[in-house]
$ cat upload_12.cif   # mmCIF, C-alpha atoms and all ligand atoms
data_upload
loop_
_atom_site.label_atom_id
_atom_site.label_comp_id
_atom_site.auth_asym_id
_atom_site.auth_seq_id
_atom_site.Cartn_x
_atom_site.Cartn_y
_atom_site.Cartn_z
CA MET A 1 105.97 88.29 87.40
CA SER A 2 105.01 91.00 89.86
CA THR A 3 105.72 94.69 89.87
CA VAL A 4 106.52 96.59 93.05
CA LEU A 5 105.46 100.20 93.18
CA ILE A 6 108.13 102.50 94.60
CA GLU A 7 107.03 106.01 95.42
CA ILE A 8 107.96 108.99 97.52
CA ARG A 9 105.01 110.64 99.18
CA ARG A 10 104.06 112.83 102.11
CA ALA A 11 103.45 110.95 105.39
CA ARG A 12 99.88 110.67 106.64
CA PRO A 13 98.72 110.05 110.24
CA ALA A 14 98.09 106.38 109.37
CA ASP A 15 101.85 106.03 108.67
CA ALA A 16 102.92 106.95 112.23
CA LEU A 17 103.58 103.36 113.35
CA ALA A 18 105.51 102.44 110.19
CA VAL A 19 107.66 105.58 110.41
CA ALA A 20 108.37 104.89 114.11
CA GLU A 21 109.48 101.36 113.22
CA THR A 22 111.65 102.64 110.37
CA HIS A 23 113.21 105.22 112.66
CA ASP A 24 113.88 102.58 115.34
CA GLU A 25 115.53 100.12 112.95
CA ALA A 26 117.56 102.69 111.03
CA TRP A 27 118.85 104.52 114.12
CA ARG A 28 119.80 101.29 115.91
CA ASN A 29 121.68 100.19 112.82
CA ALA A 30 123.39 103.52 112.14
CA TYR A 31 124.35 104.51 115.68
CA GLN A 32 125.15 101.31 117.62
CA GLY A 33 128.79 101.69 118.63
CA ILE A 34 128.68 105.46 118.06
CA ILE A 35 126.01 106.82 120.45
CA PRO A 36 126.21 105.24 123.94
CA GLY A 37 123.62 102.45 124.23
CA ALA A 38 121.47 103.94 126.99
CA GLU A 39 121.29 107.31 125.20
CA LEU A 40 120.42 105.65 121.91
CA GLU A 41 117.58 103.74 123.60
CA LYS A 42 116.26 107.01 125.06
CA LEU A 43 116.40 108.78 121.69
CA ILE A 44 114.55 105.92 120.04
CA ALA A 45 111.96 105.59 122.83
CA ARG A 46 111.10 109.29 122.55
CA ARG A 47 110.21 108.85 118.91
CA GLY A 48 107.40 106.33 119.17
CA PRO A 49 104.21 106.28 117.05
CA ASP A 50 102.62 109.05 119.16
CA TRP A 51 105.51 111.42 118.46
CA TRP A 52 105.28 110.77 114.73
CA ASP A 53 101.50 111.02 114.73
CA SER A 54 101.73 114.42 116.37
CA ALA A 55 104.50 115.61 114.01
CA ILE A 56 102.50 114.55 110.95
CA ARG A 57 99.31 116.19 112.23
CA LYS A 58 101.18 119.40 113.02
CA GLY A 59 102.20 119.58 109.37
CA SER A 60 105.92 118.76 109.71
CA ARG A 61 107.25 117.92 106.31
CA ILE A 62 107.95 114.20 106.29
CA ALA A 63 108.50 112.35 103.02
CA LEU A 64 108.29 108.57 102.92
CA LEU A 65 109.87 106.18 100.50
CA GLN A 66 107.28 103.49 100.03
CA PHE A 67 108.35 100.15 98.57
CA GLY A 68 105.21 98.16 97.80
CA ASP A 69 103.32 97.99 101.10
CA LEU A 70 106.40 98.84 103.15
CA VAL A 71 107.83 102.09 104.39
CA ALA A 72 111.51 101.77 103.46
CA GLY A 73 112.73 105.15 104.64
CA TYR A 74 111.85 108.73 105.45
CA ALA A 75 113.21 112.24 105.32
CA ASN A 76 111.99 115.18 107.37
CA TYR A 77 112.92 118.70 106.50
CA GLY A 78 112.01 122.36 106.73
CA ARG A 79 113.55 125.71 107.52
CA ASN A 80 117.20 125.76 108.60
CA ARG A 81 117.38 125.82 112.41
CA ALA A 82 120.93 127.19 112.82
CA ARG A 83 120.78 130.96 112.49
CA SER A 84 124.57 131.17 112.17
CA LEU A 85 124.45 129.26 108.87
CA PHE A 86 123.17 131.16 105.86
CA TYR A 87 121.26 128.36 104.22
CA GLU A 88 117.52 128.48 103.84
CA GLY A 89 116.41 124.89 104.16
CA GLU A 90 117.53 121.90 106.18
CA ILE A 91 117.03 118.17 105.90
CA TYR A 92 116.77 117.22 109.56
CA GLU A 93 116.84 113.47 109.08
CA LEU A 94 117.16 111.04 106.21
CA TYR A 95 117.03 107.35 107.09
CA LEU A 96 116.50 104.08 105.27
CA LYS A 97 115.95 100.67 106.77
CA PRO A 98 119.17 98.65 106.45
CA GLU A 99 117.81 96.30 103.78
CA PHE A 100 117.00 99.27 101.52
CA GLN A 101 120.39 100.98 101.75
CA GLY A 102 122.86 101.11 98.88
CA LEU A 103 120.22 100.86 96.15
CA GLY A 104 119.91 104.49 95.12
CA PHE A 105 116.91 105.22 97.37
CA GLY A 106 118.83 107.66 99.57
CA ARG A 107 119.62 109.77 96.53
CA ARG A 108 115.97 109.68 95.48
CA LEU A 109 114.71 110.74 98.91
CA PHE A 110 117.30 113.50 99.10
CA SER A 111 116.31 114.83 95.66
CA ALA A 112 112.62 114.76 96.52
CA ALA A 113 113.19 116.63 99.80
CA ARG A 114 115.45 119.16 98.10
CA LYS A 115 112.88 119.75 95.36
CA ASP A 116 110.06 120.18 97.86
CA LEU A 117 112.13 122.68 99.87
CA ALA A 118 113.01 124.61 96.72
CA GLN A 119 109.35 124.74 95.67
CA SER A 120 108.55 126.48 98.94
CA GLY A 121 111.33 129.01 98.38
CA LEU A 122 114.03 127.31 100.48
CA LYS A 123 116.58 126.87 97.73
CA SER A 124 119.88 126.31 99.54
CA LEU A 125 120.11 123.64 102.18
CA VAL A 126 122.15 122.10 104.92
CA ILE A 127 122.31 118.66 106.56
CA TRP A 128 124.16 117.69 109.73
CA ALA A 129 125.79 114.29 110.19
CA LEU A 130 127.81 112.85 113.04
CA SER A 131 131.42 112.74 111.88
CA ASP A 132 131.66 109.11 113.05
CA ASN A 133 128.77 108.16 110.80
CA GLU A 134 131.11 107.52 107.90
CA PRO A 135 128.57 106.03 105.45
CA ALA A 136 126.43 109.16 105.83
CA VAL A 137 129.43 111.47 105.42
CA GLU A 138 130.45 109.61 102.24
CA PHE A 139 126.88 109.68 100.97
CA TYR A 140 126.57 113.47 101.37
CA ARG A 141 129.94 113.94 99.67
CA ALA A 142 128.83 111.71 96.78
CA LEU A 143 125.74 113.91 96.45
CA GLY A 144 127.89 117.01 96.04
CA GLY A 145 127.54 118.40 99.57
CA ARG A 146 130.31 120.68 100.80
CA ALA A 147 131.39 120.51 104.45
CA VAL A 148 130.72 124.06 105.71
CA ALA A 149 130.62 123.88 109.51
CA ARG A 150 131.50 121.72 112.46
CA SER A 151 129.95 121.45 115.88
CA SER A 152 129.49 118.90 118.63
CA GLU A 153 126.68 117.36 120.59
CA ARG A 154 126.57 115.58 123.93
CA PHE A 155 125.04 112.11 124.18
CA GLY A 156 125.12 111.14 127.85
CA GLY A 157 128.78 111.00 128.80
CA LYS A 158 130.07 111.23 125.26
CA VAL A 159 130.57 114.32 123.11
CA LEU A 160 130.42 113.63 119.38
CA ASP A 161 131.55 115.85 116.54
CA LYS A 162 129.16 116.68 113.77
CA VAL A 163 129.63 118.21 110.37
CA ALA A 164 127.24 120.28 108.24
CA PHE A 165 127.06 119.63 104.50
CA ALA A 166 125.57 122.31 102.30
CA TRP A 167 124.14 122.67 98.81
CA GLN A 168 123.73 126.07 97.20
CA ALA A 169 120.62 127.13 95.28
C1 LIG B 1 123.00 107.33 104.32
C2 LIG B 1 121.85 106.80 103.47
C3 LIG B 1 120.63 107.72 103.58
C4 LIG B 1 122.29 106.71 102.01
O1 LIG B 1 121.26 106.18 101.21
P1 LIG B 1 121.57 104.97 100.21
O2 LIG B 1 120.33 104.60 99.51
O3 LIG B 1 122.26 103.91 100.97
O4 LIG B 1 122.58 105.65 99.19
P2 LIG B 1 122.46 105.62 97.59
O5 LIG B 1 122.45 104.19 97.16
O6 LIG B 1 121.33 106.48 97.15
O7 LIG B 1 123.86 106.27 97.18
C5 LIG B 1 123.97 107.54 96.56
C6 LIG B 1 125.42 107.81 96.29
O8 LIG B 1 126.15 107.86 97.53
C7 LIG B 1 127.22 106.94 97.50
N1 LIG B 1 127.32 106.29 98.81
C8 LIG B 1 126.31 105.88 99.58
N2 LIG B 1 126.79 105.31 100.72
C9 LIG B 1 128.14 105.36 100.60
C10 LIG B 1 129.21 104.91 101.42
N3 LIG B 1 128.97 104.30 102.59
N4 LIG B 1 130.47 105.12 101.02
C11 LIG B 1 130.73 105.74 99.84
N5 LIG B 1 129.76 106.20 99.01
C12 LIG B 1 128.48 105.99 99.39
C13 LIG B 1 126.82 105.90 96.48
O9 LIG B 1 127.96 105.27 95.93
C14 LIG B 1 126.07 106.73 95.48
O10 LIG B 1 126.97 107.38 94.61
P3 LIG B 1 126.73 107.37 93.03
O11 LIG B 1 125.27 107.69 92.82
O12 LIG B 1 127.65 108.42 92.55
O13 LIG B 1 127.06 105.98 92.62
C15 LIG B 1 121.43 105.37 103.91
O14 LIG B 1 122.47 104.46 103.68
C16 LIG B 1 121.01 105.31 105.35
O15 LIG B 1 119.84 105.46 105.67
N6 LIG B 1 121.96 105.05 106.26
C17 LIG B 1 121.69 104.91 107.66
C18 LIG B 1 121.12 106.14 108.28
C19 LIG B 1 121.98 107.36 108.20
O16 LIG B 1 123.14 107.33 108.52
N7 LIG B 1 121.36 108.45 107.76
C20 LIG B 1 121.99 109.74 107.65
C21 LIG B 1 121.99 110.41 108.96
S1 LIG B 1 122.76 111.99 108.90
#
$ encode --input "upload_12.cif" --output "structure tokens"
Amino acid sequence: MSTVLIEIRRARPADALAVAETHDEAWRNAYQGIIPGAELEKLIARRGPDWWDSAIRKGSRIALLQFGDLVAGYANYGRNRARSLFYEGEIYELYLKPEFQGLGFGRRLFSAARKDLAQSGLKSLVIWALSDNEPAVEFYRALGGRAVARSSERFGGKVLDKVAFAWQA
């Protein structure tokens, strides 16, 4: 019998390639059929290992879910970027590789990110999701998020609605 260690930890520069691969796989899986193909390829190409290496070295807060030797998912988070919304923290991205979805890991990553934000004084938080990303919308609802704002974003020739979910302190 073997035991697999599952942990959530801060990303290190040596993780840049694994995070880039996780990002690539998770985004392709989540957004194919939602974000136009050429735009999706551009978004993914911009976030290669060098981008992640630089983000990690700059001190961006990136938490990894490590499953044995594998990076199964990541969350990055920090101060809320939208001044019009009165929430302190924001989870910018939370993504799991497809084979690790639906097993409770998303909830664990969310809780770890929320706790880390709260420990640095950012007690309320917001997360944006594309409205067409139904699994994500359902996930944030299941976690107790309240839809508090709507906006839209252009991806090439397509404008997509997005919704902000919030959690109070
Ligand atoms: C969205 C995502 C992070 C959720 O993580 P996950 O590990 O699959 O979700 P969990 O297993 O932790 O589920 C937590 C809760 O959400 C619910 N939930 C998750 N996905 C759901 C869905 N598609 N429909 C309904 N409920 C859902 C679960 O039932 C669970 O509820 P419970 O604890 O009350 O039983 C993950 O599936 C993912 O990475 N998806 C692709 C990327 C993405 O869309 N990221 C978000 C971008 S904004």
$ atom_distance --input "upload_12.cif" --atom1 "atom CA of A:Glu153" --atom2 "atom CA of A:Arg81"
15.0 Å
$ atom_distance --input "upload_12.cif" --atom1 "atom CA of A:Ala166" --atom2 "atom CA of A:Ser111"
13.6 Å
$ residues_near_point --input "upload_12.cif" --point "(108.3, 104.3, 105.0)" --cutoff "12 Å" --atoms "all atoms listed in the file" --output "CSV table (one decimal) with C-alpha atoms, in the coordinates of the input"
chain,number,residue,atom,x,y,z
A,6,ILE,CA,108.1,102.5,94.6
A,7,GLU,CA,107.0,106.0,95.4
A,8,ILE,CA,108.0,109.0,97.5
A,9,ARG,CA,105.0,110.6,99.2
A,10,ARG,CA,104.1,112.8,102.1
A,11,ALA,CA,103.4,111.0,105.4
A,12,ARG,CA,99.9,110.7,106.6
A,14,ALA,CA,98.1,106.4,109.4
A,15,ASP,CA,101.8,106.0,108.7
A,16,ALA,CA,102.9,107.0,112.2
A,17,LEU,CA,103.6,103.4,113.4
A,18,ALA,CA,105.5,102.4,110.2
A,19,VAL,CA,107.7,105.6,110.4
A,20,ALA,CA,108.4,104.9,114.1
A,21,GLU,CA,109.5,101.4,113.2
A,22,THR,CA,111.6,102.6,110.4
A,23,HIS,CA,113.2,105.2,112.7
A,24,ASP,CA,113.9,102.6,115.3
A,25,GLU,CA,115.5,100.1,113.0
A,26,ALA,CA,117.6,102.7,111.0
A,62,ILE,CA,108.0,114.2,106.3
A,63,ALA,CA,108.5,112.4,103.0
A,64,LEU,CA,108.3,108.6,102.9
A,65,LEU,CA,109.9,106.2,100.5
A,66,GLN,CA,107.3,103.5,100.0
A,67,PHE,CA,108.4,100.2,98.6
A,68,GLY,CA,105.2,98.2,97.8
A,69,ASP,CA,103.3,98.0,101.1
A,70,LEU,CA,106.4,98.8,103.2
A,71,VAL,CA,107.8,102.1,104.4
A,72,ALA,CA,111.5,101.8,103.5
A,73,GLY,CA,112.7,105.2,104.6
A,74,TYR,CA,111.8,108.7,105.4
A,75,ALA,CA,113.2,112.2,105.3
A,76,ASN,CA,112.0,115.2,107.4
A,94,LEU,CA,117.2,111.0,106.2
A,95,TYR,CA,117.0,107.4,107.1
A,96,LEU,CA,116.5,104.1,105.3
A,97,LYS,CA,116.0,100.7,106.8
A,100,PHE,CA,117.0,99.3,101.5
A,105,PHE,CA,116.9,105.2,97.4
A,109,LEU,CA,114.7,110.7,98.9
$ closest_atom_pairs --input "upload_12.cif" --of "chain A" --to "ligand LIG 1 (chain B)" --cutoff "10 Å" --atoms "only C-alpha atoms and all ligand atoms" --output "CSV"
residue,atom,partner,partner_atom,distance
A:Thr22,CA,B:LIG1,O15,9.9
A:His23,CA,B:LIG1,C18,9.1
A:Glu25,CA,B:LIG1,C17,9.4
A:Ala26,CA,B:LIG1,C18,5.7
A:Trp27,CA,B:LIG1,C18,6.5
A:Arg28,CA,B:LIG1,C18,9.1
A:Asn29,CA,B:LIG1,C17,7.0
A:Ala30,CA,B:LIG1,C17,5.0
A:Tyr31,CA,B:LIG1,O16,7.8
A:Ala72,CA,B:LIG1,O15,9.4
A:Gly73,CA,B:LIG1,O15,7.2
A:Tyr74,CA,B:LIG1,O15,8.6
A:Ala75,CA,B:LIG1,C3,8.9
A:Ile91,CA,B:LIG1,S1,8.9
A:Tyr92,CA,B:LIG1,S1,8.0
A:Glu93,CA,B:LIG1,C21,6.0
A:Leu94,CA,B:LIG1,N7,5.2
A:Tyr95,CA,B:LIG1,O15,3.7
A:Leu96,CA,B:LIG1,O15,3.6
A:Lys97,CA,B:LIG1,O15,6.3
A:Pro98,CA,B:LIG1,C17,6.9
A:Glu99,CA,B:LIG1,O3,9.3
A:Phe100,CA,B:LIG1,O2,6.6
A:Gln101,CA,B:LIG1,O3,3.6
A:Gly102,CA,B:LIG1,O3,3.5
A:Leu103,CA,B:LIG1,O5,4.1
A:Gly104,CA,B:LIG1,O6,3.2
A:Phe105,CA,B:LIG1,O2,4.1
A:Gly106,CA,B:LIG1,O1,3.3
A:Arg107,CA,B:LIG1,O6,3.8
A:Arg108,CA,B:LIG1,O6,6.5
A:Leu109,CA,B:LIG1,O6,8.1
A:Phe110,CA,B:LIG1,C3,8.0
A:Ser111,CA,B:LIG1,O6,9.9
A:Ile127,CA,B:LIG1,S1,7.1
A:Trp128,CA,B:LIG1,S1,5.9
A:Ala129,CA,B:LIG1,S1,4.0
A:Leu130,CA,B:LIG1,S1,6.6
A:Ser131,CA,B:LIG1,S1,9.2
A:Asp132,CA,B:LIG1,O16,9.8
A:Asn133,CA,B:LIG1,O16,6.1
A:Glu134,CA,B:LIG1,N3,6.6
A:Pro135,CA,B:LIG1,N3,3.4
A:Ala136,CA,B:LIG1,C1,4.2
A:Val137,CA,B:LIG1,S1,7.5
A:Glu138,CA,B:LIG1,C11,4.6
A:Phe139,CA,B:LIG1,O8,4.0
A:Tyr140,CA,B:LIG1,O8,6.8
A:Arg141,CA,B:LIG1,O8,7.5
A:Ala142,CA,B:LIG1,O8,4.8
A:Leu143,CA,B:LIG1,C6,6.1
A:Gly144,CA,B:LIG1,O12,9.3
A:Lys162,CA,B:LIG1,S1,9.3
A:Val163,CA,B:LIG1,S1,9.4
A:Ala164,CA,B:LIG1,S1,9.4
A:Phe165,CA,B:LIG1,S1,9.8
$ atom_distance --input "upload_12.cif" --atom1 "atom CA of A:Val148" --atom2 "atom CA of A:Glu90"
13.4 Å
$ decode --input "upload_12.cif" --residues "stretch 50-85 of chain A" --atoms "C-alpha atoms" --output "compact mmCIF listing (two decimals), in the first residue's frame"
# COMPACT_ATOMS: atom_id res chain seq x y z
CA ASP A 50 8.64 32.56 -17.78
CA TRP A 51 5.50 34.46 -16.81
CA TRP A 52 4.95 32.22 -13.79
CA ASP A 53 8.61 32.33 -12.81
CA SER A 54 8.49 36.11 -12.80
CA ALA A 55 5.18 36.21 -10.88
CA ILE A 56 6.54 33.85 -8.22
CA ARG A 57 9.81 35.79 -7.88
CA LYS A 58 7.91 39.08 -7.58
CA GLY A 59 6.11 37.65 -4.57
CA SER A 60 2.63 37.18 -6.08
CA ARG A 61 0.65 34.96 -3.79
CA ILE A 62 0.25 31.63 -5.56
CA ALA A 63 -0.86 28.55 -3.65
CA LEU A 64 -0.39 25.11 -5.17
CA LEU A 65 -2.27 21.95 -4.48
CA GLN A 66 0.34 19.25 -4.65
CA PHE A 67 -0.76 15.64 -5.08
CA GLY A 68 2.27 13.42 -4.56
CA ASP A 69 4.85 14.68 -7.07
CA LEU A 70 2.24 16.43 -9.19
CA VAL A 71 0.87 19.94 -9.17
CA ALA A 72 -2.89 19.35 -9.35
CA GLY A 73 -4.08 22.94 -9.18
CA TYR A 74 -3.32 26.48 -8.12
CA ALA A 75 -4.93 29.61 -6.78
CA ASN A 76 -3.52 33.11 -7.00
CA TYR A 77 -4.88 35.92 -4.92
CA GLY A 78 -4.22 39.27 -3.31
CA ARG A 79 -5.80 42.67 -2.89
CA ASN A 80 -9.13 43.29 -4.64
CA ARG A 81 -8.47 45.04 -7.97
CA ALA A 82 -11.94 46.55 -8.55
CA ARG A 83 -12.15 49.78 -6.58
CA SER A 84 -15.92 49.94 -7.08
CA LEU A 85 -16.38 46.77 -5.02
